[in-house]
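K.L.:
Please find one structure pasted underneath; my questions will follow.
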Amino acid sequence: MDEKDIFETFLNAEQLFKDKEVIRPSYTPEKLPHREQEITTLASIFVSALKGETPSNVFIYGKTGTGKTAVAKYVGKELIEKGRQLSKTLLFVYINCEIVDTEYGILSNIGNSIIKNWNEMIPFTGWPMEKVYDKLKEEIEKQGGVTIIVLDEIDKLVSKSGDDVLYVLSRMNTDLKNAKASIIGISNDLKFTELLDARVKSSLGEEEMIFPPYNAAQLQDILKQRAELAFNKDVLDPSVIPLCAALAAQEHGDARRALDLLRVSGEIAERDEQKNITEAHVRKAQNKIEIDRVAEVIRTLPTQSKVVLMAILLNREIGQETLTTGDVYDTYRALAMKANASILTQRRITDLISELDMLGIINARLISYGRGGRTREISASVPVKETKKVLEEDELLKNLSNYKPLKQATLV
DNA sequence: AATCCACAGGAAGCCCGGGAAC
DNA sequence: GTTCCCGGGCTTCCTGTGGATT
């Protein structure tokens, strides 16, 4: 086969997507349906920046995919625009704390996004904290006006490196003379303020906003708006958007999930060389997203847990649907021995089984066989073949998958 | 009613790696 | 650098228990 032909089929395929970017999670749309009220509230807080006063610090809470980041970025953008019209100095800095999660990183990032002069940049390592802070202050002072700092996924920052940075930042206003700074913290964990120092808590939480999840109807509006830009005319079956919305509404109204479903549906249809996207593609997409999620969880499991999971899967392969803790432990021992791994005690395996249960990879419920003992009844809740494939990626588990467990004496 | 199975799961303590304090 | 402390993984030892069987 000559090389051109490989691509030929794809090139000739019907174009479903007009602009795929629009339904990627990173895209910030022009309009945010059903977030008008949140936008207004946030704008009313920020408006003082235009008057040259310090806006209150804000905490924004809400589950994933409720539009927190989008609203913050949107209002920030509008604010800068307005500021330019009124020729006021306004700076807007956005930092995702999942990516930048150290005290030094936060401060130097804020600093560098303000500093205009290339050769004055704060190096990514090397300076003492004190110097970084002074430099940051100096720059903000030099620019004057109001600087708004958005710290997204702020809970990640606090859980990884504590609240020292927040304390430093919250105190910055008292050190500044002719400039002002205010902070927006975004978190999807409502309880995370409990980890904070009381002073930080009160100074950062001057205003609090909670973003409610979207319902199915609202999700439909969001999807419609994006679909118009993302897909060519008439490629979507009319039932596709309602279905995506309904499925995502079940997952605590996650707009990101809804958009993912729509995008993956499109990608599946595209690969199948279909001219339009149907309900069936959405179902497949739902399945694929779920499998990807599970695969990711399994991949990051500690090795011993993987061996336990393998033990359960192998038993199921020989027709043992439900197992007791003892059955699992027997197989586990054999596998661990074969893999030259250390063999943990049954007590420990009990805990690992509980963890797998919590992750939803297996089902374990407590039952009693009367005189036959009291134990857990364990069964896998993931597809055997696919899961085994993921487990085999682990060097240690590679040659375990063809092991045949001893048939357990079946009790009736 | 008493027995007894096959574990569940709590308590205490060991070991080890990593970060803070000295 | 050393020391101290903390948390997580793990073991050892243990008590508790639902219900078929005796």
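Chains: A, B, ... in order of the structure tokens. Residues: from 1 per chain. Ligands: from 1, in order shown.
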Please identify which residues in stretch 288-400 of chain A DSSP calls helix (DSSP H, G or I) from the backbone, and express them as an MDAnalysis selection string.

P.N.:
chainID A and resid 288:299 303:317 325:338 346:358 370:372 384:392 395:400

K.L.:
Would you mind exporting the chosen residues as a CSV table (one decimal), in the first residue's frame, restricted to C-alpha atoms?

P.N.:
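Here's the written file result_17.csv:
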chain,number,residue,atom,x,y,z
A,288,LYS,CA,-15.2,5.1,26.2
A,289,ILE,CA,-14.9,7.9,28.7
A,290,GLU,CA,-15.7,5.6,31.5
A,291,ILE,CA,-13.2,3.0,30.4
A,292,ASP,CA,-10.5,5.6,30.0
A,293,ARG,CA,-11.3,6.9,33.5
A,294,VAL,CA,-11.1,3.4,35.0
A,295,ALA,CA,-7.9,2.6,33.1
A,296,GLU,CA,-6.3,5.7,34.5
A,297,VAL,CA,-7.2,4.7,38.0
A,298,ILE,CA,-5.9,1.2,37.6
A,299,ARG,CA,-2.7,2.4,36.0
A,303,THR,CA,1.7,-2.8,42.6
A,304,GLN,CA,0.3,-4.9,45.4
A,305,SER,CA,-3.2,-3.7,44.7
A,306,LYS,CA,-2.7,-4.6,41.0
A,307,VAL,CA,-1.8,-8.1,42.0
A,308,VAL,CA,-4.9,-8.4,44.1
A,309,LEU,CA,-7.0,-7.1,41.2
A,310,MET,CA,-5.3,-9.6,38.9
A,311,ALA,CA,-6.2,-12.4,41.3
A,312,ILE,CA,-9.8,-11.5,41.1
A,313,LEU,CA,-9.9,-11.2,37.4
A,314,LEU,CA,-8.2,-14.5,36.8
A,315,ASN,CA,-10.7,-16.3,39.0
A,316,ARG,CA,-13.5,-14.7,37.1
A,317,GLU,CA,-11.9,-16.0,33.9
A,325,THR,CA,-11.5,-13.0,50.9
A,326,GLY,CA,-9.8,-16.4,51.4
A,327,ASP,CA,-10.2,-17.3,47.7
A,328,VAL,CA,-8.7,-14.0,46.7
A,329,TYR,CA,-5.9,-14.4,49.2
A,330,ASP,CA,-4.9,-17.9,48.0
A,331,THR,CA,-4.7,-16.8,44.4
A,332,TYR,CA,-2.9,-13.6,45.4
A,333,ARG,CA,-0.2,-15.6,47.3
A,334,ALA,CA,0.4,-17.7,44.3
A,335,LEU,CA,0.7,-14.7,42.0
A,336,ALA,CA,2.9,-12.8,44.3
A,337,MET,CA,5.2,-15.8,44.6
A,338,LYS,CA,5.3,-16.2,40.9
A,346,GLN,CA,-4.2,-11.4,54.8
A,347,ARG,CA,-4.9,-8.5,57.2
A,348,ARG,CA,-3.3,-6.1,54.7
A,349,ILE,CA,-5.1,-7.7,51.7
A,350,THR,CA,-8.4,-7.1,53.5
A,351,ASP,CA,-7.6,-3.4,53.5
A,352,LEU,CA,-6.5,-3.4,49.8
A,353,ILE,CA,-9.7,-5.1,48.9
A,354,SER,CA,-11.6,-2.4,50.7
A,355,GLU,CA,-9.7,0.3,48.8
A,356,LEU,CA,-10.5,-1.3,45.5
A,357,ASP,CA,-14.1,-1.4,46.5
A,358,MET,CA,-14.1,2.3,47.3
A,370,GLY,CA,-23.6,-19.2,58.7
A,371,ARG,CA,-21.4,-21.9,60.0
A,372,GLY,CA,-19.4,-21.6,56.8
A,384,VAL,CA,-11.9,-8.6,32.4
A,385,LYS,CA,-10.1,-8.4,29.0
A,386,GLU,CA,-9.5,-4.6,28.9
A,387,THR,CA,-8.5,-4.4,32.5
A,388,LYS,CA,-6.0,-7.2,32.2
A,389,LYS,CA,-4.4,-5.4,29.3
A,390,VAL,CA,-3.9,-2.4,31.5
A,391,LEU,CA,-2.5,-4.5,34.3
A,392,GLU,CA,0.0,-6.1,32.0
A,395,GLU,CA,6.6,-4.9,34.4
A,396,LEU,CA,5.9,-7.1,37.4
A,397,LEU,CA,2.5,-8.3,36.3
A,398,LYS,CA,3.5,-9.1,32.8
A,399,ASN,CA,3.7,-12.9,32.9
A,400,LEU,CA,1.0,-13.4,35.5

K.L.:
Find the residues near stretch 31-40 of chain A: any atom within 9 Å, counting only C-alpha atoms (C1' of nucleotides), skip ones fewer than 3 places away on the same chain, and give them as a PDB file with C-alpha atoms, in the first residue's frame.

P.N.:
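Output file around33.pdb is given in full below:
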ATOM      1  CA  THR A  28     -13.475  29.969  26.863  1.00  0.00           C
ATOM      2  CA  ALA A  43     -18.467  42.133  38.244  1.00  0.00           C
ATOM      3  CA  SER A  44     -20.059  44.120  41.062  1.00  0.00           C
ATOM      4  CA  ILE A  45     -17.148  43.159  43.276  1.00  0.00           C
ATOM      5  CA  GLY A  67     -18.106  27.251  35.091  1.00  0.00           C
ATOM      6  CA  ALA A  70     -14.730  30.290  32.753  1.00  0.00           C
ATOM      7  CA  VAL A  71     -16.608  32.968  34.696  1.00  0.00           C
ATOM      8  CA  ALA A  72     -13.468  34.231  36.411  1.00  0.00           C
ATOM      9  CA  TYR A  74     -14.488  36.031  31.358  1.00  0.00           C
ATOM     10  CA  VAL A  75     -15.036  38.757  33.926  1.00  0.00           C
ATOM     11  CA  MET A 209     -19.620  32.602  45.934  1.00  0.00           C
ATOM     12  CA  ILE A 210     -21.039  29.169  45.356  1.00  0.00           C
ATOM     13  CA  PHE A 211     -21.648  27.916  41.841  1.00  0.00           C
ATOM     14  CA  TYR A 214     -26.221  22.876  35.916  1.00  0.00           C
ATOM     15  CA  GLN A 218     -29.158  24.331  31.107  1.00  0.00           C
ATOM     16  CA  LEU A 219     -26.605  21.847  29.846  1.00  0.00           C
ATOM     17  CA  ASP A 221     -28.321  25.313  26.104  1.00  0.00           C
ATOM     18  CA  ILE A 222     -24.584  25.203  26.646  1.00  0.00           C
ATOM     19  CA  GLN A 225     -24.347  27.109  21.700  1.00  0.00           C
TER      20      GLN A 225
END

K.L.:
For stretch 13-20 of chain B, list every protein, DNA or RNA residue within 12 Å, evaluated using only C-alpha atoms (C1' of nucleotides), and leave out those in the same chain fewer than 2 positions away; present the list as a PyMOL selection string.

P.N.:
(chain A and resi 161) or (chain B and resi 11+22) or (chain C and resi 3-13)

K.L.:
Pick from A:Ser381, A:Thr375, A:Thr174, A:Thr278: nearest to C:DG18, with only C-alpha atoms (C1' of nucleotides) counted?

P.N.:
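Looking at the shortest contact to C:DG18, the residue is A:Thr375.
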
K.L.:
Hey, can you check how far atom CA of A:Asp164 sits from atom CA of A:Ser48?

P.N.:
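Atom CA of A:Ser48 lies 27.3 Å from atom CA of A:Asp164.
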
K.L.:
Would you tabulate, counting only C-alpha atoms (C1' of nucleotides), all residues of chain B that have an atom at most 6 Å from an atom of chain A, showing the closest pair of atoms and their distance in Å to one decimal, sorted by chain then ascending number, as JSON lines?

P.N.:
{"residue": "B:DC5", "atom": "C1'", "partner": "A:Gly373", "partner_atom": "CA", "distance": 4.2}
{"residue": "B:DA6", "atom": "C1'", "partner": "A:Gly373", "partner_atom": "CA", "distance": 4.2}
{"residue": "B:DC7", "atom": "C1'", "partner": "A:Thr375", "partner_atom": "CA", "distance": 5.0}

K.L.:
Wanna dump the chain C-chain A contacts at 7 Å for me, each residue with its shortest atom pair and the distance in Å to one decimal, counting only C-alpha atoms (C1' of nucleotides), ordered by chain and number, as a Markdown table?

P.N.:
| residue | atom | partner | partner_atom | distance |
| --- | --- | --- | --- | --- |
| C:DG18 | C1' | A:Ser368 | CA | 5.7 |
| C:DG19 | C1' | A:Gly370 | CA | 4.2 |
| C:DA20 | C1' | A:Gly370 | CA | 4.4 |
| C:DT21 | C1' | A:Arg371 | CA | 6.5 |

K.L.:
Would you save the residues of that selection, restricted to all heavy atoms, as a CSV table (one decimal), in the first residue's frame?

P.N.:
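As a result, selection-v4.csv now contains:
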chain,number,residue,atom,x,y,z
C,18,DG,P,-23.7,-9.4,64.0
C,18,DG,OP1,-23.3,-8.1,63.4
C,18,DG,OP2,-24.5,-9.5,65.2
C,18,DG,O5',-24.4,-10.2,62.9
C,18,DG,C5',-24.0,-10.1,61.5
C,18,DG,C4',-24.4,-11.3,60.7
C,18,DG,O4',-23.6,-12.4,61.0
C,18,DG,C3',-25.8,-11.8,61.0
C,18,DG,O3',-26.4,-12.2,59.7
C,18,DG,C2',-25.7,-13.0,61.9
C,18,DG,C1',-24.3,-13.5,61.6
C,18,DG,N9,-23.4,-14.0,62.7
C,18,DG,C8,-23.5,-13.5,64.0
C,18,DG,N7,-22.6,-14.1,64.7
C,18,DG,C5,-21.9,-15.0,63.9
C,18,DG,C6,-20.8,-15.8,64.1
C,18,DG,O6,-20.2,-16.0,65.2
C,18,DG,N1,-20.4,-16.5,63.0
C,18,DG,C2,-21.0,-16.4,61.8
C,18,DG,N2,-20.5,-17.1,60.8
C,18,DG,N3,-22.0,-15.6,61.5
C,18,DG,C4,-22.4,-14.9,62.6
C,19,DG,P,-27.8,-12.7,59.5
C,19,DG,OP1,-28.2,-12.4,58.1
C,19,DG,OP2,-28.6,-12.3,60.7
C,19,DG,O5',-27.6,-14.3,59.6
C,19,DG,C5',-26.7,-14.9,58.6
C,19,DG,C4',-26.5,-16.4,59.1
C,19,DG,O4',-25.7,-16.4,60.3
C,19,DG,C3',-27.8,-17.2,59.4
C,19,DG,O3',-27.6,-18.5,58.9
C,19,DG,C2',-27.8,-17.2,60.9
C,19,DG,C1',-26.3,-17.3,61.2
C,19,DG,N9,-25.9,-17.0,62.5
C,19,DG,C8,-26.5,-16.2,63.4
C,19,DG,N7,-25.9,-16.1,64.6
C,19,DG,C5,-24.8,-17.0,64.4
C,19,DG,C6,-23.7,-17.3,65.3
C,19,DG,O6,-23.5,-16.9,66.4
C,19,DG,N1,-22.8,-18.2,64.7
C,19,DG,C2,-22.9,-18.7,63.4
C,19,DG,N2,-21.9,-19.5,63.0
C,19,DG,N3,-23.9,-18.4,62.6
C,19,DG,C4,-24.8,-17.5,63.1
C,20,DA,P,-28.9,-19.1,58.1
C,20,DA,OP1,-29.0,-18.4,56.8
C,20,DA,OP2,-30.0,-19.2,59.0
C,20,DA,O5',-28.3,-20.6,57.7
C,20,DA,C5',-27.2,-20.8,56.9
C,20,DA,C4',-26.3,-21.9,57.4
C,20,DA,O4',-25.8,-21.6,58.7
C,20,DA,C3',-27.1,-23.3,57.5
C,20,DA,O3',-26.2,-24.3,57.2
C,20,DA,C2',-27.5,-23.3,59.0
C,20,DA,C1',-26.3,-22.6,59.7
C,20,DA,N9,-26.6,-21.8,60.9
C,20,DA,C8,-27.7,-21.0,61.1
C,20,DA,N7,-27.8,-20.4,62.3
C,20,DA,C5,-26.6,-20.9,62.9
C,20,DA,C6,-26.1,-20.7,64.2
C,20,DA,N6,-26.6,-19.9,65.1
C,20,DA,N1,-24.9,-21.3,64.5
C,20,DA,C2,-24.4,-22.1,63.5
C,20,DA,N3,-24.8,-22.4,62.3
C,20,DA,C4,-25.9,-21.8,62.0
C,21,DT,P,-26.6,-25.8,57.1
C,21,DT,OP1,-25.8,-26.4,56.0
C,21,DT,OP2,-28.1,-25.8,57.1
C,21,DT,O5',-26.1,-26.3,58.5
C,21,DT,C5',-24.7,-26.2,58.8
C,21,DT,C4',-24.4,-26.7,60.2
C,21,DT,O4',-25.0,-25.7,61.2
C,21,DT,C3',-25.1,-28.0,60.6
C,21,DT,O3',-24.1,-28.9,61.1
C,21,DT,C2',-26.1,-27.7,61.7
C,21,DT,C1',-25.5,-26.4,62.3
C,21,DT,N1,-26.4,-25.5,62.9
C,21,DT,C2,-26.1,-25.1,64.2
C,21,DT,O2,-25.2,-25.4,64.8
C,21,DT,N3,-27.1,-24.2,64.8
C,21,DT,C4,-28.2,-23.7,64.2
C,21,DT,O4,-28.9,-22.9,64.7
C,21,DT,C5,-28.4,-24.2,62.8
C,21,DT,C7,-29.6,-23.7,62.1
C,21,DT,C6,-27.6,-25.0,62.3

K.L.:
Identify, on the basis of only C-alpha atoms (C1' of nucleotides), every residue whose closest approach to A:Trp127 does not exceed 10 Å; exclude the query and any residue fewer than 6 positions from it along the same chain; express the result as a PyMOL selection string.

P.N.:
chain A and resi 104+108+133

K.L.:
So which residues touch A:Ala179 within 6 Å, counting only C-alpha atoms (C1' of nucleotides), skipping near sequence neighbours fewer than 2 positions away, as an NGL selection string?

P.N.:
:A and (141 or 144-146 or 176-177)

K.L.:
Got time to write the residues from that selection, all heavy atoms, as a PDB file, in the first residue's frame?

P.N.:
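Dumped everything to again.pdb:
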ATOM      1  N   GLU A 141       4.048  47.677  42.483  1.00  0.00           N
ATOM      2  CA  GLU A 141       4.109  49.092  42.867  1.00  0.00           C
ATOM      3  C   GLU A 141       4.406  49.966  41.647  1.00  0.00           C
ATOM      4  O   GLU A 141       3.786  51.009  41.437  1.00  0.00           O
ATOM      5  CB  GLU A 141       5.212  49.256  43.921  1.00  0.00           C
ATOM      6  CG  GLU A 141       5.130  50.515  44.752  1.00  0.00           C
ATOM      7  CD  GLU A 141       4.082  50.395  45.850  1.00  0.00           C
ATOM      8  OE1 GLU A 141       4.374  49.810  46.906  1.00  0.00           O
ATOM      9  OE2 GLU A 141       2.974  50.896  45.637  1.00  0.00           O
ATOM     10  N   GLY A 144       1.467  50.232  39.412  1.00  0.00           N
ATOM     11  CA  GLY A 144       0.362  50.962  40.023  1.00  0.00           C
ATOM     12  C   GLY A 144      -0.971  50.302  39.724  1.00  0.00           C
ATOM     13  O   GLY A 144      -1.024  49.184  39.208  1.00  0.00           O
ATOM     14  N   GLY A 145      -2.054  50.971  40.034  1.00  0.00           N
ATOM     15  CA  GLY A 145      -3.382  50.446  39.739  1.00  0.00           C
ATOM     16  C   GLY A 145      -3.727  49.226  40.564  1.00  0.00           C
ATOM     17  O   GLY A 145      -3.205  49.048  41.667  1.00  0.00           O
ATOM     18  N   VAL A 146      -4.580  48.378  40.020  1.00  0.00           N
ATOM     19  CA  VAL A 146      -5.070  47.225  40.757  1.00  0.00           C
ATOM     20  C   VAL A 146      -4.659  45.940  40.046  1.00  0.00           C
ATOM     21  O   VAL A 146      -4.803  45.827  38.836  1.00  0.00           O
ATOM     22  CB  VAL A 146      -6.604  47.266  40.887  1.00  0.00           C
ATOM     23  CG1 VAL A 146      -7.107  46.067  41.660  1.00  0.00           C
ATOM     24  CG2 VAL A 146      -7.035  48.563  41.563  1.00  0.00           C
ATOM     25  N   LEU A 176       1.830  47.605  50.255  1.00  0.00           N
ATOM     26  CA  LEU A 176       1.823  48.380  49.025  1.00  0.00           C
ATOM     27  C   LEU A 176       1.361  49.816  49.296  1.00  0.00           C
ATOM     28  O   LEU A 176       0.434  50.039  50.065  1.00  0.00           O
ATOM     29  CB  LEU A 176       0.885  47.735  47.999  1.00  0.00           C
ATOM     30  CG  LEU A 176       1.343  46.395  47.423  1.00  0.00           C
ATOM     31  CD1 LEU A 176       0.225  45.764  46.622  1.00  0.00           C
ATOM     32  CD2 LEU A 176       2.578  46.560  46.571  1.00  0.00           C
ATOM     33  N   LYS A 177       2.013  50.743  48.617  1.00  0.00           N
ATOM     34  CA  LYS A 177       1.635  52.146  48.846  1.00  0.00           C
ATOM     35  C   LYS A 177       0.736  52.678  47.742  1.00  0.00           C
ATOM     36  O   LYS A 177      -0.374  53.121  47.967  1.00  0.00           O
ATOM     37  CB  LYS A 177       2.896  53.012  48.940  1.00  0.00           C
ATOM     38  CG  LYS A 177       3.651  52.762  50.222  1.00  0.00           C
ATOM     39  CD  LYS A 177       4.621  53.887  50.516  1.00  0.00           C
ATOM     40  CE  LYS A 177       5.566  53.480  51.645  1.00  0.00           C
ATOM     41  NZ  LYS A 177       6.510  52.380  51.222  1.00  0.00           N
TER      42      LYS A 177
END

K.L.:
Going by DSSP on the backbone, which residues of stretch 3-186 of chain A come out as strand (DSSP E or B)? List them as a list in words.

P.N.:
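Listing strand (DSSP E or B) positions across stretch 3-186 of chain A yields Phe17, Val58, Phe59, Ile60, Tyr61, Gly62, Leu90, Leu91, Phe92, Val93, Tyr94, Ile95, Asn96, Gly145, Val146, Thr147, Ile148, Ile149, Val150, Leu151, Asp152, Ala179, Lys180, Ala181, Ser182, Ile183, Ile184, Gly185 and Ile186 of chain A.
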
K.L.:
Show me, as a PyMOL selection string, the residues that have an atom within 10 Å of stretch 81-94 of chain A when counting only C-alpha atoms (C1' of nucleotides), minus same-chain residues fewer than 6 positions from it.

P.N.:
chain A and resi 47+49-52+69+72-73+75+109-114+140+143-152+179-184
